Amino acid sequence: MKFKLILLLSFFSLLGFSQTGTVSGTILDKEYNDEPLPFANVSVKGTSKGASTDENGKYTINNLEPGNYTLVIGYVGYETKEIPFTLSAGETKVINETLAASGVQLKDIVVQATVSKEKETALLMEQQKAIEMKQAIGAEELSRKGVSDATAAVTKTTGVSKQEGVKNVFVRGLGDRYNSTSLNGLPLPSEDPRYKNIALSFFTTDIIKNINVNKTFSADLNGDVAGANIDIASKELEKSKVFSISAGTGFNTNALNNQLLVADGYNYFGFLENGKEAPINSLNSNAFDTKFKPLEKNNVINTNFSLSGGGKIHFSDTKSLSLFAVVLSTSDFSYRSGKTGSVNSTGGSIQNLAFKRTDYSATQTALGNIKYKFGSGRSIAINSLYIHDNKQFVGDFTGFSRSVNDNSDATNSFIRRQQLNNNNLFVNQILFDYEFSTKFSLNISTGYNMIRGSEPDRKTNSYDFINGQYVVATNSSVLNHRYFSTLDENDYSAKAEGKYTLNPDSELKQVITVGGNIRKTERDFSAIQFNYNFFTNTNIVDIDNPDAVFNQENLDNGVYDLRTGRGYGSNAFVPYTYNVTRDNYAGYAQILYPFNEKLTVQAGARFESIQQKINWDTNISSSVNDLTVNPAEINKTYILPSLNAKYSLNEKNAIRLAASQTYTMPQFKENAPFLYEDVTFNEFGNPDLVPSTNINFDLKYDWYIANGELFSIGGFYKNIQDPINRIRVASAANEFSFVNTGTAFATGVEVELRKNIIKSESEVRNNNLSFGLNASYLYSEQKLVDTDKDRLTVLFTNSKSKLEGATPLLINSDLSYNFKTNENDLTSTLVFNYFYDKVYSIGTSDNQNIIEKTVPTLDFVNKFTFKDKKLTMNLGVKNILNPRFRFTQETTDGTTTTESLVQSYRKGLFVTFGLNWNL
């Protein structure tokens with residue numbers, strides 16, 4: 001009897017369980033040809049039941065009792081729909097709906113041609129739902145803040161800064177070697193041998209959909225990162241068709257009233273008029289293609305032009321082919337003047353130079369995207385990106401330079417440096433996504449990147465000033481030279497990742513991810529330098545006509561001879577080279593496990609195997625020809641654990657925790673013993689460098705106040721074993737190299753606020769005044785120890801120091817006003833940035849650190865749209881405060897400590913104006 005009762009109760013229990021129902025469906029975006037609308041909010045009115053649509057616009061709400069309900073579907077900027085429905089016992093009700101933009105918002109969205117992953121609100125929703133701590137900035141925010149490229153974009157995020165004179169950004173005080181860059185999730189190489197990461201300035205807003213700054217590590221990321229992984233998502237077509245054309249101009253106020261000098265040998269678009277290789281094969285010939293005399297420019301203006309378009313072909317409801325392409329060209333002049341030099345520990349001058357410098361850059365970019373969708377969650381895309389970047393400067397330095405004036409009666413000197421860097425980047429990617437079922441999906445992506453860079457015909461002239469006239473300097477033949485270098489790099493990468501959802505029908509999905517990466521890199525660097533060796537210091541020269549001295553006639557008459565870095569023997573034309581091969585194989589696994597509605601944990605581990613080998617034959621030594629010198633090799637295997645956890649206090653408040661271990665490889669040029677010579681310093685690599693090991697901890701609280709509004713505060717701690725630093729070596733020459741130094745740590749607090757001050761919306765007009773602020777405080781410290789891991793002798797001035805490039809206080813802020821009507825749209829934004837004093841280089845041999853002083857900057861950008869004419873005007877003024885960039889170094893005469901000026905200049909204001917027309 002008891003058994004029958006239990007069986008009967010069990011039956012009714014199961015029957016009761018089966019009486020619950022489910023509502024599911026797909027939400028589409030009317031403004032984008034009924035494409036799926038991700039991150040839409042779907043809820044059952046009067047209950048706590050709800051869900052958000054996934055990237056394919058799908059949602060599911062389970063465990064609803066039979067009855068009458070109202071489904072509420074909403075998305076910021078779109079109309080909210082309420083749909084009554086009746087749910088029977090055990091029924092699965094399918095409700096599909098298409099949302100359209102509400103009121104004035106409709107035309108605004110059409111004009112901006114943004115997709116959801118470009119909008120600030122959508123990216124903020126994604127950030128809210130993510131387990132990891134990540135920040136993203138989309139095309140919409142880039143436009144509002146007047147951001148022109150990815151460099152400027154990421155410096156608007158918390159804890160990210162740009163150091164003057166350094167190409168790439170610092171994240172939480174950690175520079176280029178500690179960060180990584182990827183495009184659509186695949187790694188990118190650097191076009192410049194001096195850096196690990198590609199210049200973010202290459203990626204203009206015309207080709208950016210959004211940028212994710214991942215400051216915490218998870219197993220699916222490459223382990224060579226301690227600051228951040230910066231992942232750029234390239235634009236692709238989302239509407240049925242687009243066409244846009246824009247043109248702009250502008251100027252640098254410094255450049256308007258000064259005579260500008262540009263190097264000979266290239267055209268307006270920055271393409272070389274001659275080859276990148278040295279044109280002579282005999283030291284008895286001075287038949288170079290370009291002149292030492294630069295060209296003069298006056299009252300130049302900057303220009304830019306872009307053209308983008310695409311279309312989509314629909315084969316059926318689930319199959320479509322989209323094509324999108326954008327081409328753009330920019331040309332920019334700037335000018336600066338100021339002081340530069342270096343001092344010893346007592347304030348004695350090593351160099352004391354006034355300088356005038358003209359910078360010119362020309363860039364062309366082409367992006368093509370083809371994407372074929374053949375079902376829900378199934379697509380294949382081909383991305384190709386070409387970037388040509390030509391950057392050059394002509395710098396005139398006047399004053400005292402020990403290398404030029406030493407052992408002569410000269411009291412002054414003149415140095416002219418003409419440098420041209422011409423780089424070509426080719427990126428090709430295939431991205432494949434296939435959703436087999438609601439349980440299993442697969443992603444496979446491959447990439448092949450090529451870098452073809454050159455420094456063709458870099459020219460340096462150095463003159464003594466004796467008895468009222470300039471003469472060619474003779475202290476060393478390298479003081480007057482031409483230099484040619486090439487960089488060829490091939491980079492192959494592939495990634496495969498499978499995701500298996502254990503319980504796809506549950507609101508608390510448990511997901512297992514397994515994947516692997518392969519990356520193979522090959523770099524060949526080659527350089528040859530031709531030095532002009534004058535035999536006496538009596539050769540008078542007109543600095544505006546140096547070719548009257550540096551010519552074939554004087555070479556034939558024995559006034560000077562030509563020699564390369566290897567001299568003038570039989571191997572004179574053998575270039576200096578270094579060759580790098582690096583193979584990286586990785587596998588990883590991680591699990592996403594929600595313990596309940598509040599606590600979700602993602603735990604993972606990554607295995608990486610790295611083999612790197614560098615061979616060289618340079619002006620320092622040779623591992624190729626000298627059997628006593630071994631190649632520089634690194635063979636490492638890592639097991640890298642990671643943990644990310646999110647605890648949701650409620651829908652709007654969450655706490656996140658992250659912990660991980662990562663590593664940092666030396667950059668290629670930091671390992672390769674090749675001497676690079678500049679006007680104010682020389683630098684060479686250290687083949688004995690070893691990778692750093694990083695332990696990372698993060699804790700963060702987020703309060704999602706309302707749509708588009710956020711307050712967050714977080715703290716972090718990083719411990720670095722064997723950090724790598726750039727230092728001055730203990731030698732008579734002013735030479736720098738790289739060493740591992742003891743241990744280091746960085747800890748800090750970050751705060752972010754996004755808030756609408758005024759928000760007024762109606763059928764006729766909208767007014768919105770919003771404020772954004774992010775600030776970070778950082779404390780860093782490293783022990784400065786001359787380790788026994790290399791053969792360099794380093795005499796650190798102090799036993800400890802802050803991390804190089806780490807600013808204690810960083811503030812980014814913006815105030816934006818938006819006024820919209822049915823006909824017009826005006827957006828005006830003030831953007832303010834500030835950083836406090838930070839270490840530019842670490843002091844050695846009794847010299848103190850060189851400090852980059854506090855810099856505040858202020859930009860004002862405006863955008864006005866005539867909606868009926870589909871025309872947008874842009875007007876911006878950047879660097880309004882025109883602050884003085886200063887670098888100082890403390891010196892002492894034994895009793896008094898003085899702050900000596902190392903470098904100082906102003907950049908001037910940058911004024912821009914542009915027009916954009918959208919189909």
# chains A, B, ... in the order shown; residues from 1 in each chain; ligands from 1
call {"tool": "residues_around", "arguments": {"residues": "Tyr360 in chain A", "least_positions_apart": "4", "cutoff": "8 Å", "atoms": "only C-alpha atoms", "output": "tab-separated table (two decimals) with N, CA and C atoms, in the first residue's frame"}}
result
chain	number	residue	atom	x	y	z
A	262	VAL	N	60.93	68.41	-46.02
A	262	VAL	CA	60.59	67.00	-46.21
A	262	VAL	C	61.70	66.34	-47.02
A	331	SER	N	46.85	62.32	-45.41
A	331	SER	CA	48.13	63.01	-45.55
A	331	SER	C	48.21	64.07	-44.48
A	332	ASP	N	49.23	64.00	-43.61
A	332	ASP	CA	49.30	64.89	-42.45
A	332	ASP	C	50.69	65.48	-42.28
A	333	PHE	N	50.73	66.80	-42.07
A	333	PHE	CA	51.96	67.51	-41.72
A	333	PHE	C	51.85	68.02	-40.29
A	334	SER	N	52.96	68.02	-39.58
A	334	SER	CA	53.03	68.67	-38.28
A	334	SER	C	54.44	69.20	-38.07
A	391	LYS	N	55.96	57.17	-43.00
A	391	LYS	CA	56.22	58.20	-42.00
A	391	LYS	C	57.65	58.69	-42.16
A	392	GLN	N	57.80	60.00	-42.16
A	392	GLN	CA	59.14	60.54	-42.27
A	392	GLN	C	59.25	61.85	-41.51
A	393	PHE	N	60.47	62.18	-41.13
A	393	PHE	CA	60.69	63.47	-40.51
A	393	PHE	C	62.05	64.01	-40.93
call {"tool": "residues_around", "arguments": {"residues": "Phe864 in chain A", "least_positions_apart": "4", "cutoff": "9 Å", "atoms": "only C-alpha atoms", "output": "PyMOL selection string"}}
result
chain A and resi 824-828+871-875
call {"tool": "write_last_selection", "arguments": {"atoms": "N, CA and C atoms", "output": "PDB file, in the first residue's frame"}}
result
ATOM      1  N   ASN A 824      17.523  67.458 -38.241  1.00  0.00           N
ATOM      2  CA  ASN A 824      18.938  67.709 -37.969  1.00  0.00           C
ATOM      3  C   ASN A 824      19.400  66.978 -36.716  1.00  0.00           C
ATOM      4  N   ASP A 825      20.704  66.883 -36.617  1.00  0.00           N
ATOM      5  CA  ASP A 825      21.311  66.195 -35.475  1.00  0.00           C
ATOM      6  C   ASP A 825      22.651  66.868 -35.183  1.00  0.00           C
ATOM      7  N   LEU A 826      22.807  67.387 -33.975  1.00  0.00           N
ATOM      8  CA  LEU A 826      24.048  68.059 -33.564  1.00  0.00           C
ATOM      9  C   LEU A 826      24.632  67.338 -32.358  1.00  0.00           C
ATOM     10  N   THR A 827      25.927  67.025 -32.439  1.00  0.00           N
ATOM     11  CA  THR A 827      26.646  66.466 -31.302  1.00  0.00           C
ATOM     12  C   THR A 827      27.924  67.267 -31.086  1.00  0.00           C
ATOM     13  N   SER A 828      28.122  67.738 -29.864  1.00  0.00           N
ATOM     14  CA  SER A 828      29.335  68.472 -29.498  1.00  0.00           C
ATOM     15  C   SER A 828      29.943  67.807 -28.270  1.00  0.00           C
ATOM     16  N   LEU A 871      23.813  64.305 -45.232  1.00  0.00           N
ATOM     17  CA  LEU A 871      25.112  64.953 -45.208  1.00  0.00           C
ATOM     18  C   LEU A 871      25.509  65.258 -43.773  1.00  0.00           C
ATOM     19  N   THR A 872      26.761  64.991 -43.426  1.00  0.00           N
ATOM     20  CA  THR A 872      27.291  65.276 -42.096  1.00  0.00           C
ATOM     21  C   THR A 872      28.535  66.142 -42.208  1.00  0.00           C
ATOM     22  N   MET A 873      28.597  67.190 -41.387  1.00  0.00           N
ATOM     23  CA  MET A 873      29.772  68.040 -41.309  1.00  0.00           C
ATOM     24  C   MET A 873      30.478  67.793 -39.972  1.00  0.00           C
ATOM     25  N   ASN A 874      31.798  67.748 -40.009  1.00  0.00           N
ATOM     26  CA  ASN A 874      32.597  67.563 -38.801  1.00  0.00           C
ATOM     27  C   ASN A 874      33.567  68.722 -38.649  1.00  0.00           C
ATOM     28  N   LEU A 875      33.673  69.234 -37.434  1.00  0.00           N
ATOM     29  CA  LEU A 875      34.631  70.293 -37.131  1.00  0.00           C
ATOM     30  C   LEU A 875      35.249  69.991 -35.776  1.00  0.00           C
TER      31      LEU A 875
END
call {"tool": "closest_residue", "arguments": {"among": "A:Asn682, A:Ala746, A:Leu803, A:Ser816", "to": "Asn767 in chain A", "atoms": "only C-alpha atoms"}}
result
A:Ser816
call {"tool": "residues_around", "arguments": {"residues": "Thr797 in chain A", "least_positions_apart": "6", "cutoff": "6 Å", "atoms": "only C-alpha atoms", "output": "PDB file with C-alpha atoms, in the first residue's frame"}}
result
ATOM      1  CA  GLY A 843      68.753  55.891 -14.387  1.00  0.00           C
ATOM      2  CA  THR A 844      72.139  54.165 -14.344  1.00  0.00           C
ATOM      3  CA  SER A 845      75.762  55.123 -13.580  1.00  0.00           C
ATOM      4  CA  ASP A 846      74.707  57.772 -11.002  1.00  0.00           C
TER       5      ASP A 846
END
call {"tool": "select_by_dssp", "arguments": {"residues": "range 653-685 of chain A", "states": "strand (DSSP E)", "output": "PyMOL selection string"}}
result
chain A and resi 653-664+676-677+682-683
call {"tool": "closest_residue", "arguments": {"among": "A:Val855, A:Ala40, A:Ile232, A:Ala150", "to": "Lys907 in chain A", "atoms": "only C-alpha atoms"}}
result
A:Val855
call {"tool": "atom_distance", "arguments": {"atom1": "CA of Tyr568 in chain A", "atom2": "CA of Leu555 in chain A"}}
result
13.9 Å
call {"tool": "atom_distance", "arguments": {"atom1": "CA of Val911 in chain A", "atom2": "CA of Thr205 in chain A"}}
result
17.9 Å
call {"tool": "closest_residue", "arguments": {"among": "A:Val861, A:Pro546, A:Leu753, A:Leu649", "to": "Ile811 in chain A", "atoms": "only C-alpha atoms"}}
result
A:Leu753
call {"tool": "atom_distance", "arguments": {"atom1": "CA of Glu683 in chain A", "atom2": "CA of Ser904 in chain A"}}
result
22.2 Å
call {"tool": "closest_residue", "arguments": {"among": "A:Val541, A:Val343, A:Asn424, A:Lys636", "to": "Arg402 in chain A", "atoms": "only C-alpha atoms"}}
result
A:Val343
call {"tool": "select_by_dssp", "arguments": {"residues": "range 396-617 of chain A", "states": "alpha helix (DSSP H)", "output": "list in words"}}
result
Arg402, Ser403, Val404, Asn405, Gln552, Glu553, Asn554, Leu555 and Asp556 of chain A
call {"tool": "closest_residue", "arguments": {"among": "A:Leu272, A:Ala654, A:Ala744, A:Ile880", "to": "Met133 in chain A", "atoms": "only C-alpha atoms"}}
result
A:Ala654
call {"tool": "closest_residue", "arguments": {"among": "A:Asn531, A:Asn344, A:Asn352, A:Asn584", "to": "Arg563 in chain A", "atoms": "only C-alpha atoms"}}
result
A:Asn531
call {"tool": "residues_around", "arguments": {"residues": "Asn184 in chain A", "least_positions_apart": "5", "cutoff": "10 Å", "atoms": "only C-alpha atoms", "output": "list in words"}}
result
Ile211, Asp231, Ile232, Ala233, Ser234, Lys235, Asn383, Gln429, Leu431 and Ser445 of chain A
call {"tool": "residues_around", "arguments": {"residues": "His388 in chain A", "least_positions_apart": "3", "cutoff": "9 Å", "atoms": "only C-alpha atoms", "output": "PDB file with N, CA and C atoms, in the first residue's frame"}}
result
ATOM      1  N   PHE A 202      47.262  52.747 -37.371  1.00  0.00           N
ATOM      2  CA  PHE A 202      46.912  52.250 -38.702  1.00  0.00           C
ATOM      3  C   PHE A 202      45.411  51.993 -38.833  1.00  0.00           C
ATOM      4  N   GLY A 270      53.143  59.091 -50.471  1.00  0.00           N
ATOM      5  CA  GLY A 270      54.123  58.413 -49.645  1.00  0.00           C
ATOM      6  C   GLY A 270      54.772  57.212 -50.288  1.00  0.00           C
ATOM      7  N   PHE A 271      54.488  56.948 -51.562  1.00  0.00           N
ATOM      8  CA  PHE A 271      55.128  55.835 -52.239  1.00  0.00           C
ATOM      9  C   PHE A 271      56.509  56.259 -52.733  1.00  0.00           C
ATOM     10  N   ALA A 362      51.812  59.725 -44.648  1.00  0.00           N
ATOM     11  CA  ALA A 362      50.821  59.437 -45.690  1.00  0.00           C
ATOM     12  C   ALA A 362      50.439  57.971 -45.560  1.00  0.00           C
ATOM     13  N   THR A 363      49.141  57.707 -45.489  1.00  0.00           N
ATOM     14  CA  THR A 363      48.656  56.346 -45.285  1.00  0.00           C
ATOM     15  C   THR A 363      47.522  56.048 -46.243  1.00  0.00           C
ATOM     16  N   GLN A 364      47.569  54.855 -46.836  1.00  0.00           N
ATOM     17  CA  GLN A 364      46.453  54.350 -47.638  1.00  0.00           C
ATOM     18  C   GLN A 364      46.016  53.014 -47.052  1.00  0.00           C
ATOM     19  N   THR A 365      44.716  52.838 -46.950  1.00  0.00           N
ATOM     20  CA  THR A 365      44.158  51.625 -46.372  1.00  0.00           C
ATOM     21  C   THR A 365      43.045  51.097 -47.254  1.00  0.00           C
ATOM     22  N   ASN A 422      58.964  53.249 -44.503  1.00  0.00           N
ATOM     23  CA  ASN A 422      57.929  52.877 -45.461  1.00  0.00           C
ATOM     24  C   ASN A 422      57.507  51.436 -45.179  1.00  0.00           C
ATOM     25  N   ASN A 423      56.244  51.257 -44.798  1.00  0.00           N
ATOM     26  CA  ASN A 423      55.776  49.941 -44.361  1.00  0.00           C
ATOM     27  C   ASN A 423      54.526  49.530 -45.117  1.00  0.00           C
ATOM     28  N   ASN A 424      54.469  48.244 -45.458  1.00  0.00           N
ATOM     29  CA  ASN A 424      53.307  47.653 -46.118  1.00  0.00           C
ATOM     30  C   ASN A 424      52.868  46.433 -45.330  1.00  0.00           C
ATOM     31  N   LEU A 425      51.597  46.404 -44.975  1.00  0.00           N
ATOM     32  CA  LEU A 425      51.028  45.289 -44.223  1.00  0.00           C
ATOM     33  C   LEU A 425      49.911  44.649 -45.041  1.00  0.00           C
ATOM     34  N   PHE A 426      49.979  43.331 -45.163  1.00  0.00           N
ATOM     35  CA  PHE A 426      48.932  42.561 -45.830  1.00  0.00           C
ATOM     36  C   PHE A 426      48.360  41.577 -44.818  1.00  0.00           C
TER      37      PHE A 426
END
call {"tool": "residues_around", "arguments": {"residues": "Thr743 in chain A", "least_positions_apart": "6", "cutoff": "6 Å", "atoms": "only C-alpha atoms", "output": "PyMOL selection string"}}
result
chain A and resi 720-722+782-783
